[in-house]
Amino acid sequence: MGQKKLIKFAAIKAYENVLEYPQDIQGKWGAYFHALRNDNTPIVIENLTLSNGIVENRIANVNDSLVNDIVCPKLTIELACGRGEYAVGLGRMFPDENFIGIDLKGNRIWKGASIANKEALKNIAFVRSQIELTPNYFAKNEVDEIWITFPDPQLRWSKAKKRLTHPKFLRLYQQFLKNGSGKNSDVNAGIVHLKTDSPLLYNFTLKVIDMYGLNLIYKTDNLYAEPTIDPRCLIKTYYEGLDIAQSNKIHYIQFNIDKDLPLELDEVLKEAIKDIPMDAGELIRMQAEAAREKQKE
Ligand SMILES: C[S@@+](CC[C@H](N)C(=O)[O-])C[C@H]1O[C@@H](n2cnc3c(N)ncnc32)[C@H](O)[C@@H]1O
């Protein structure tokens with residue numbers, strides 16, 4: 001592993017605003033951010049190294065008696081955050097709200113966490129973890145909004161279950177996103193935002209929304225051509241700049257996970273998405289990925 005990566009991994013271990021596979025944090029984010037904002041109550045993080053080498057953080061002084069007393073501001077999470085441009089950008093825009101970026105790669109998280117530290121943005125934190133584990137970190141209704149920013153589109157049909165808007169993932173988000181139970185629907189709560197340059201992921205997500213009867217709030221297959229643009233959508237991420245899909249268009253969807261997602265429909269979905277076409281850039285990308293995988297074999 002490169003020296004630079006090792007330095008970044010070591011740095012985030014000492015950052016108060018980065019938690020790696022945190023334990024005992026469900027329902028405590030209001031208290032965590034209260035401590036982070038309040039410099040005279042530094043957060044004590046105990047690092048536990050597990051037998052598989054993974055370091056888990058236990059928050060030692062965000063104690064249970066504090067948790068219930070603290071009114072939680074709105075909490076938004078950015079999934080597949082990479083360098084965390086959305087967590088940081090939204091944190092700057094909305095200083096009274098709290099933001100958490102989540103990604104597996106510590107060296108990418110380091111970038112956003114370092115910027116937040118440098119600018120003393122105390123409403124932004126990062127969790128290093130697999131997205132699959134997010135229900136362990138948030139209590140029911142604890143999260144107000146989710147941004148999914150330029151996730152890997154998982155172009156191959158056989159990998160559709162890995163797409164971050166597959167019902168398999170939406171069922172996970174439903175466990176902690178407001179309005180996630182499918183009851184007492186309030187379309188102003190529990191919003192998921194997807195920003196992508198992949199037409200395939202965009203059309204796949206629309207298919208999921210349609211098939212499972214979810215509430216579609218907004219969609220565009222060419223965000224920057226719209227007459228009015230939500231200022232939050234103007235935040236640009238690293239991968240947005242790369243334009244890997246070569247679509248030259250940014251696609252954006254806002255929706256609620258306001259219905260139960262029956263498991264039986266997943267098989268129907270699997271067949272229904274076979275026909276979603278790829279555009280030329282995606283086709284080239286998939287062929288290149290397949291060639292790389294063949295080389296590895
Ligand atoms: C294409 S990058 C996008 C990064 C960033 N949002 C951007 O737009 O620049 C996708 C990111 O998703 C992360 N990722 C992919 N699958 C993940 C998973 N299951 N759990 C956590 N992170 C994941 C990768 O580590 C990577 O940083």
# chains A, B, ... in the order shown; residues from 1 in each chain; ligands from 1
>>> select_by_dssp(residues="segment 134-184 of chain A", states="alpha helix (DSSP H)", output="list in words")
Pro167, Lys168, Phe169, Leu170, Arg171, Leu172, Tyr173 and Gln174 of chain A
>>> residues_near_ligand(ligand="ligand 1", cutoff="6 Å", atoms="only C-alpha atoms and all ligand atoms", output="PyMOL selection string")
chain A and resi 80-82+103-105+129-132+149-152+237-240
>>> residues_around(residues="segment 9-13 of chain A", least_positions_apart="3", cutoff="8 Å", atoms="only C-alpha atoms", output="list in words")
Lys5, Leu6, Val18, Leu19, Glu20, Gly106, Asn107, Trp110 and Ala113 of chain A
>>> write_last_selection(atoms="C-alpha atoms", output="PDB file, in the first residue's frame")
ATOM      1  CA  LYS A   5      -2.631   6.160   1.830  1.00  0.00           C
ATOM      2  CA  LEU A   6      -1.066   4.939   5.087  1.00  0.00           C
ATOM      3  CA  VAL A  18     -14.390  10.288  11.435  1.00  0.00           C
ATOM      4  CA  LEU A  19     -15.812   7.090  12.900  1.00  0.00           C
ATOM      5  CA  GLU A  20     -14.760   3.690  11.589  1.00  0.00           C
ATOM      6  CA  GLY A 106     -10.590   5.862   4.296  1.00  0.00           C
ATOM      7  CA  ASN A 107      -8.182   7.730   2.007  1.00  0.00           C
ATOM      8  CA  TRP A 110      -9.763  11.828   4.655  1.00  0.00           C
ATOM      9  CA  ALA A 113     -12.899  15.240   6.854  1.00  0.00           C
TER      10      ALA A 113
END
>>> closest_residue(among="A:Arg83, A:Arg92, A:Arg58, A:Lys294", to="Gln23 of chain A", atoms="only C-alpha atoms")
A:Arg58
>>> closest_residue(among="A:Arg285, A:Lys259, A:Arg108, A:Lys178", to="Thr76 of chain A", atoms="only C-alpha atoms")
A:Lys178
